[in-house]
>>> print(open('protein_10.pdb').read())   # PDB, C-alpha atoms
MODEL        1
ATOM      1  CA  MET A1267      76.689-176.948  28.876  1.00  0.00           C
ATOM      2  CA  LYS A1268      73.867-178.298  26.746  1.00  0.00           C
ATOM      3  CA  ILE A1269      71.389-180.698  28.314  1.00  0.00           C
ATOM      4  CA  ASP A1270      69.576-183.266  26.211  1.00  0.00           C
ATOM      5  CA  LYS A1271      65.817-182.608  26.249  1.00  0.00           C
ATOM      6  CA  ASN A1272      64.992-186.297  26.819  1.00  0.00           C
ATOM      7  CA  LYS A1273      67.476-186.554  29.692  1.00  0.00           C
ATOM      8  CA  ALA A1274      65.965-183.434  31.309  1.00  0.00           C
ATOM      9  CA  LYS A1275      62.469-184.935  31.026  1.00  0.00           C
ATOM     10  CA  GLU A1276      63.739-188.202  32.509  1.00  0.00           C
ATOM     11  CA  ILE A1277      65.248-186.335  35.477  1.00  0.00           C
ATOM     12  CA  TYR A1278      62.094-184.280  36.080  1.00  0.00           C
ATOM     13  CA  PHE A1279      59.804-187.302  35.866  1.00  0.00           C
ATOM     14  CA  GLY A1280      62.126-189.193  38.221  1.00  0.00           C
ATOM     15  CA  ILE A1281      61.933-186.362  40.757  1.00  0.00           C
ATOM     16  CA  VAL A1282      58.148-186.143  40.399  1.00  0.00           C
ATOM     17  CA  LYS A1283      57.657-189.925  40.642  1.00  0.00           C
ATOM     18  CA  ASN A1284      59.854-190.239  43.734  1.00  0.00           C
ATOM     19  CA  SER A1285      58.236-187.193  45.341  1.00  0.00           C
ATOM     20  CA  ILE A1286      54.789-188.674  44.798  1.00  0.00           C
ATOM     21  CA  TRP A1287      55.885-191.981  46.333  1.00  0.00           C
ATOM     22  CA  LEU A1288      57.396-190.161  49.298  1.00  0.00           C
ATOM     23  CA  ALA A1289      54.181-188.166  49.794  1.00  0.00           C
ATOM     24  CA  ILE A1290      52.103-191.361  49.643  1.00  0.00           C
ATOM     25  CA  ILE A1291      54.376-193.064  52.176  1.00  0.00           C
ATOM     26  CA  LEU A1292      54.168-190.049  54.520  1.00  0.00           C
ATOM     27  CA  LEU A1293      50.377-189.990  54.143  1.00  0.00           C
ATOM     28  CA  LEU A1294      50.159-193.686  55.030  1.00  0.00           C
ATOM     29  CA  VAL A1295      52.457-193.209  58.024  1.00  0.00           C
ATOM     30  CA  ASP A1296      50.371-190.192  59.102  1.00  0.00           C
ATOM     31  CA  THR A1297      47.183-192.243  58.868  1.00  0.00           C
ATOM     32  CA  TYR A1298      48.738-195.152  60.759  1.00  0.00           C
ATOM     33  CA  ALA A1299      50.169-192.850  63.446  1.00  0.00           C
ATOM     34  CA  PHE A1300      46.868-191.011  63.901  1.00  0.00           C
ATOM     35  CA  PHE A1301      44.696-194.110  64.271  1.00  0.00           C
ATOM     36  CA  PHE A1302      46.952-196.827  65.658  1.00  0.00           C
ATOM     37  CA  MET A1303      50.063-195.471  67.431  1.00  0.00           C
ATOM     38  CA  GLU A1304      49.901-194.830  71.136  1.00  0.00           C
ATOM     39  CA  SER A1305      52.987-192.627  71.275  1.00  0.00           C
ATOM     40  CA  GLN A1306      51.954-188.962  71.197  1.00  0.00           C
ATOM     41  CA  TYR A1307      55.465-188.032  70.019  1.00  0.00           C
ATOM     42  CA  LEU A1308      55.126-190.192  66.887  1.00  0.00           C
ATOM     43  CA  LYS A1309      51.587-188.950  66.299  1.00  0.00           C
ATOM     44  CA  ASP A1310      52.850-185.357  66.397  1.00  0.00           C
ATOM     45  CA  LEU A1311      55.895-186.162  64.266  1.00  0.00           C
ATOM     46  CA  PHE A1312      53.856-187.519  61.355  1.00  0.00           C
ATOM     47  CA  ASN A1313      50.804-185.275  61.655  1.00  0.00           C
ATOM     48  CA  PHE A1314      50.290-183.577  58.263  1.00  0.00           C
ATOM     49  CA  ALA A1315      48.353-180.762  59.920  1.00  0.00           C
ATOM     50  CA  SER A1316      51.329-179.840  62.112  1.00  0.00           C
ATOM     51  CA  GLU A1317      54.454-177.892  61.280  1.00  0.00           C
ATOM     52  CA  LYS A1318      58.015-179.136  61.773  1.00  0.00           C
ATOM     53  CA  THR A1319      57.258-182.592  60.400  1.00  0.00           C
ATOM     54  CA  PRO A1320      58.591-184.671  57.489  1.00  0.00           C
ATOM     55  CA  ALA A1321      55.539-183.552  55.473  1.00  0.00           C
ATOM     56  CA  THR A1322      56.575-179.906  55.915  1.00  0.00           C
ATOM     57  CA  TRP A1323      60.114-180.761  54.850  1.00  0.00           C
ATOM     58  CA  LEU A1324      58.768-182.513  51.743  1.00  0.00           C
ATOM     59  CA  SER A1325      56.473-179.607  50.912  1.00  0.00           C
ATOM     60  CA  SER A1326      59.271-177.067  51.305  1.00  0.00           C
ATOM     61  CA  THR A1327      61.619-179.163  49.172  1.00  0.00           C
ATOM     62  CA  LEU A1328      59.017-179.622  46.434  1.00  0.00           C
ATOM     63  CA  PHE A1329      58.328-175.889  46.305  1.00  0.00           C
ATOM     64  CA  LEU A1330      62.069-175.301  46.014  1.00  0.00           C
ATOM     65  CA  LEU A1331      62.354-177.805  43.134  1.00  0.00           C
ATOM     66  CA  ILE A1332      59.393-176.198  41.359  1.00  0.00           C
ATOM     67  CA  GLY A1333      61.001-172.774  41.782  1.00  0.00           C
ATOM     68  CA  PHE A1334      64.305-173.967  40.322  1.00  0.00           C
ATOM     69  CA  SER A1335      62.430-175.646  37.463  1.00  0.00           C
ATOM     70  CA  LEU A1336      60.725-172.368  36.668  1.00  0.00           C
ATOM     71  CA  PHE A1337      64.086-170.557  36.739  1.00  0.00           C
ATOM     72  CA  GLY A1338      65.283-173.136  34.215  1.00  0.00           C
ATOM     73  CA  LEU A1339      62.209-172.538  32.077  1.00  0.00           C
ATOM     74  CA  GLN A1340      62.947-168.801  32.169  1.00  0.00           C
ATOM     75  CA  ILE A1341      66.463-169.456  30.858  1.00  0.00           C
ATOM     76  CA  ILE A1342      65.126-171.686  28.069  1.00  0.00           C
ATOM     77  CA  LYS A1343      62.183-169.456  27.074  1.00  0.00           C
ATOM     78  CA  LYS A1344      63.842-166.087  27.761  1.00  0.00           C
ATOM     79  CA  GLN A1345      60.567-164.802  29.233  1.00  0.00           C
ATOM     80  CA  ASN A1346      60.632-162.972  32.564  1.00  0.00           C
ATOM     81  CA  LYS A1347      57.257-164.310  33.731  1.00  0.00           C
ATOM     82  CA  TRP A1348      58.864-167.692  34.509  1.00  0.00           C
ATOM     83  CA  HIS A1349      61.561-165.946  36.523  1.00  0.00           C
ATOM     84  CA  TYR A1350      58.903-164.229  38.659  1.00  0.00           C
ATOM     85  CA  PHE A1351      57.010-167.501  39.098  1.00  0.00           C
ATOM     86  CA  GLY A1352      60.276-169.114  40.220  1.00  0.00           C
ATOM     87  CA  TYR A1353      60.658-166.453  42.912  1.00  0.00           C
ATOM     88  CA  PHE A1354      57.076-167.072  44.007  1.00  0.00           C
ATOM     89  CA  PHE A1355      57.750-170.786  44.573  1.00  0.00           C
ATOM     90  CA  LEU A1356      61.064-169.968  46.226  1.00  0.00           C
ATOM     91  CA  TYR A1357      59.077-167.747  48.613  1.00  0.00           C
ATOM     92  CA  LEU A1358      56.610-170.609  49.257  1.00  0.00           C
ATOM     93  CA  SER A1359      59.537-172.926  50.039  1.00  0.00           C
ATOM     94  CA  LEU A1360      61.104-170.455  52.468  1.00  0.00           C
ATOM     95  CA  ASP A1361      57.717-169.711  54.033  1.00  0.00           C
ATOM     96  CA  ASP A1362      57.013-173.406  54.531  1.00  0.00           C
ATOM     97  CA  ALA A1363      60.430-173.964  56.092  1.00  0.00           C
ATOM     98  CA  SER A1364      60.413-170.854  58.309  1.00  0.00           C
ATOM     99  CA  TYR A1365      56.687-170.751  59.258  1.00  0.00           C
ATOM    100  CA  MET A1366      56.507-167.111  58.226  1.00  0.00           C
ATOM    101  CA  HIS A1367      52.767-167.134  57.568  1.00  0.00           C
ATOM    102  CA  GLU A1368      52.119-168.370  61.107  1.00  0.00           C
ATOM    103  CA  GLN A1369      54.138-165.475  62.473  1.00  0.00           C
ATOM    104  CA  VAL A1370      52.236-163.030  60.262  1.00  0.00           C
ATOM    105  CA  SER A1371      48.988-164.610  61.438  1.00  0.00           C
ATOM    106  CA  SER A1372      49.943-164.154  65.087  1.00  0.00           C
ATOM    107  CA  TRP A1373      50.902-160.541  64.476  1.00  0.00           C
ATOM    108  CA  ILE A1374      47.665-159.776  62.592  1.00  0.00           C
ATOM    109  CA  SER A1375      45.555-161.489  65.251  1.00  0.00           C
ATOM    110  CA  SER A1376      47.279-159.507  68.006  1.00  0.00           C
ATOM    111  CA  LYS A1377      46.588-156.213  66.194  1.00  0.00           C
ATOM    112  CA  TYR A1378      42.993-156.834  65.116  1.00  0.00           C
ATOM    113  CA  ASP A1379      40.605-158.516  67.534  1.00  0.00           C
ATOM    114  CA  PHE A1380      37.862-159.119  64.955  1.00  0.00           C
ATOM    115  CA  ILE A1381      40.149-161.550  63.076  1.00  0.00           C
ATOM    116  CA  LYS A1382      40.279-163.824  66.135  1.00  0.00           C
ATOM    117  CA  ASN A1383      36.531-164.416  65.715  1.00  0.00           C
ATOM    118  CA  LEU A1384      36.806-165.446  62.051  1.00  0.00           C
ATOM    119  CA  PRO A1385      37.137-169.146  61.210  1.00  0.00           C
ATOM    120  CA  GLY A1386      40.600-170.294  60.194  1.00  0.00           C
ATOM    121  CA  TYR A1387      43.912-168.542  60.409  1.00  0.00           C
ATOM    122  CA  GLY A1388      44.444-164.789  60.363  1.00  0.00           C
ATOM    123  CA  TRP A1389      46.890-164.906  57.461  1.00  0.00           C
ATOM    124  CA  LEU A1390      44.208-166.397  55.192  1.00  0.00           C
ATOM    125  CA  TYR A1391      42.337-163.124  55.034  1.00  0.00           C
ATOM    126  CA  THR A1392      45.335-161.028  54.057  1.00  0.00           C
ATOM    127  CA  ILE A1393      47.920-163.145  52.242  1.00  0.00           C
ATOM    128  CA  ALA A1394      45.901-166.043  50.783  1.00  0.00           C
ATOM    129  CA  PRO A1395      43.970-163.984  48.176  1.00  0.00           C
ATOM    130  CA  ILE A1396      47.252-162.664  46.763  1.00  0.00           C
ATOM    131  CA  LEU A1397      48.777-166.157  46.722  1.00  0.00           C
ATOM    132  CA  LEU A1398      45.647-167.527  45.037  1.00  0.00           C
ATOM    133  CA  LEU A1399      45.854-164.957  42.230  1.00  0.00           C
ATOM    134  CA  ILE A1400      49.525-165.745  41.675  1.00  0.00           C
ATOM    135  CA  LEU A1401      48.842-169.502  41.614  1.00  0.00           C
ATOM    136  CA  ILE A1402      46.023-169.050  39.095  1.00  0.00           C
ATOM    137  CA  ASN A1403      48.388-167.005  36.925  1.00  0.00           C
ATOM    138  CA  VAL A1404      51.139-169.644  37.191  1.00  0.00           C
ATOM    139  CA  PHE A1405      48.787-172.508  36.285  1.00  0.00           C
ATOM    140  CA  TYR A1406      47.309-170.533  33.381  1.00  0.00           C
ATOM    141  CA  HIS A1407      50.717-169.803  31.853  1.00  0.00           C
ATOM    142  CA  LEU A1408      51.906-173.369  32.431  1.00  0.00           C
ATOM    143  CA  TYR A1409      48.768-174.653  30.714  1.00  0.00           C
ATOM    144  CA  LYS A1410      49.367-172.379  27.726  1.00  0.00           C
ATOM    145  CA  GLU A1411      53.035-173.420  27.504  1.00  0.00           C
ATOM    146  CA  LEU A1412      52.246-177.123  27.748  1.00  0.00           C
ATOM    147  CA  LYS A1413      49.554-176.781  25.093  1.00  0.00           C
ATOM    148  CA  LYS A1414      51.910-174.866  22.803  1.00  0.00           C
ATOM    149  CA  GLN A1415      54.596-177.541  23.198  1.00  0.00           C
ATOM    150  CA  LYS A1416      51.952-180.259  22.628  1.00  0.00           C
ATOM    151  CA  LEU A1417      52.793-181.837  25.986  1.00  0.00           C
ATOM    152  CA  THR A1418      50.329-183.602  28.243  1.00  0.00           C
ATOM    153  CA  ARG A1419      48.467-181.365  30.653  1.00  0.00           C
ATOM    154  CA  LYS A1420      47.062-184.148  32.836  1.00  0.00           C
ATOM    155  CA  TYR A1421      49.808-183.688  35.454  1.00  0.00           C
ATOM    156  CA  LEU A1422      48.939-180.006  35.718  1.00  0.00           C
ATOM    157  CA  PHE A1423      45.286-180.893  36.280  1.00  0.00           C
ATOM    158  CA  TRP A1424      46.301-183.500  38.872  1.00  0.00           C
ATOM    159  CA  ALA A1425      48.445-180.891  40.633  1.00  0.00           C
ATOM    160  CA  ILE A1426      45.537-178.441  40.729  1.00  0.00           C
ATOM    161  CA  PHE A1427      43.175-181.160  41.961  1.00  0.00           C
ATOM    162  CA  LEU A1428      45.546-182.382  44.689  1.00  0.00           C
ATOM    163  CA  LEU A1429      46.315-178.821  45.791  1.00  0.00           C
ATOM    164  CA  SER A1430      42.566-178.169  46.064  1.00  0.00           C
ATOM    165  CA  VAL A1431      42.066-181.372  48.082  1.00  0.00           C
ATOM    166  CA  ALA A1432      44.946-180.457  50.421  1.00  0.00           C
ATOM    167  CA  ILE A1433      43.556-176.957  50.990  1.00  0.00           C
ATOM    168  CA  SER A1434      40.069-178.395  51.570  1.00  0.00           C
ATOM    169  CA  PHE A1435      41.431-180.836  54.166  1.00  0.00           C
ATOM    170  CA  ASP A1436      43.179-177.946  55.892  1.00  0.00           C
ATOM    171  CA  PHE A1437      39.905-176.012  56.113  1.00  0.00           C
ATOM    172  CA  ILE A1438      38.086-179.080  57.363  1.00  0.00           C
ATOM    173  CA  ALA A1439      40.757-179.615  60.024  1.00  0.00           C
ATOM    174  CA  ILE A1440      40.414-175.974  61.137  1.00  0.00           C
ATOM    175  CA  SER A1441      36.651-176.424  61.577  1.00  0.00           C
ATOM    176  CA  PHE A1442      37.028-179.231  64.126  1.00  0.00           C
TER     177      PHE A1442
ENDMDL
END
>>> encode(input="protein_10.pdb", output="structure tokens")
Amino acid sequence: MKIDKNKAKEIYFGIVKNSIWLAIILLLVDTYAFFFMESQYLKDLFNFASEKTPATWLSSTLFLLIGFSLFGLQIIKKQNKWHYFGYFFLYLSLDDASYMHEQVSSWISSKYDFIKNLPGYGWLYTIAPILLLILINVFYHLYKELKKQKLTRKYLFWAIFLLSVAISFDFIAISF
């Protein structure tokens, strides 16, 4: 089955646009719940910093869509690097949905007492550097591919910026 390039772009941009709107709506609900709702249940349900919330579901789903997109890019480009990147985002999706990094963090903290005294989560000091290197590699290759295809790279820069902001907010939340 051959897919029209313009139709594929239209589908991807539709997914991205709707995902962004959903994220904005969840952020607004989170802000409203945090500052104005009295119900602790609703505050916990929409808290972006918590697990098992609609924000976690959205994050997991977006990682899954990115992974499948990269598998598609591997089929089109016939280059294995995209296949590996697809598996990386599939892992992120499964990790987000199953809370694997929290379990790893608990295990590491139970084995090594000095990690309990460090700021943040235990998994940051073992898994995060590896994930950061992989993400840098993914963004670098995506940038090169977009440049080669003469496609706009502003969305890639926005993704990097928003990811950085989200990670910064997480570190700020840990500090308080």
>>> closest_atom_pairs(input="protein_10.pdb", of="segment 1329-1352 of chain A", to="segment 1279-1302 of chain A", cutoff="12 Å", atoms="only C-alpha atoms", output="tab-separated table")
residue	atom	partner	partner_atom	distance
A:Phe1329	CA	A:Ser1285	CA	11.3
A:Leu1331	CA	A:Ile1281	CA	8.9
A:Ile1332	CA	A:Val1282	CA	10.1
A:Ser1335	CA	A:Ile1281	CA	11.2
>>> resolve_selection(input="protein_10.pdb", expression="the PyMOL selection byres ((chain A and resi 1355) around 10)", output="ChimeraX atom specification")
/A:1326,1328-1336,1350-1354,1356-1361,1401,1404
>>> atom_distance(input="protein_10.pdb", atom1="atom CA of Leu1417 of chain A", atom2="atom CA of Ile1400 of chain A")
22.7 Å
>>> atom_distance(input="protein_10.pdb", atom1="atom CA of Ala1425 of chain A", atom2="atom CA of Asn1272 of chain A")
22.2 Å
>>> closest_residue(input="protein_10.pdb", among="A:Lys1377, A:Lys1420, A:Trp1348, A:Ala1363", to="Ser1325 of chain A", atoms="all atoms listed in the file")
A:Ala1363
>>> resolve_selection(input="protein_10.pdb", expression="the PyMOL selection byres ((chain A and resi 1426) around 12)", output="ChimeraX atom specification")
/A:1398,1401-1402,1404-1406,1408-1409,1419-1425,1427-1433
>>> atom_distance(input="protein_10.pdb", atom1="atom CA of Ile1393 of chain A", atom2="atom CA of His1367 of chain A")
8.2 Å
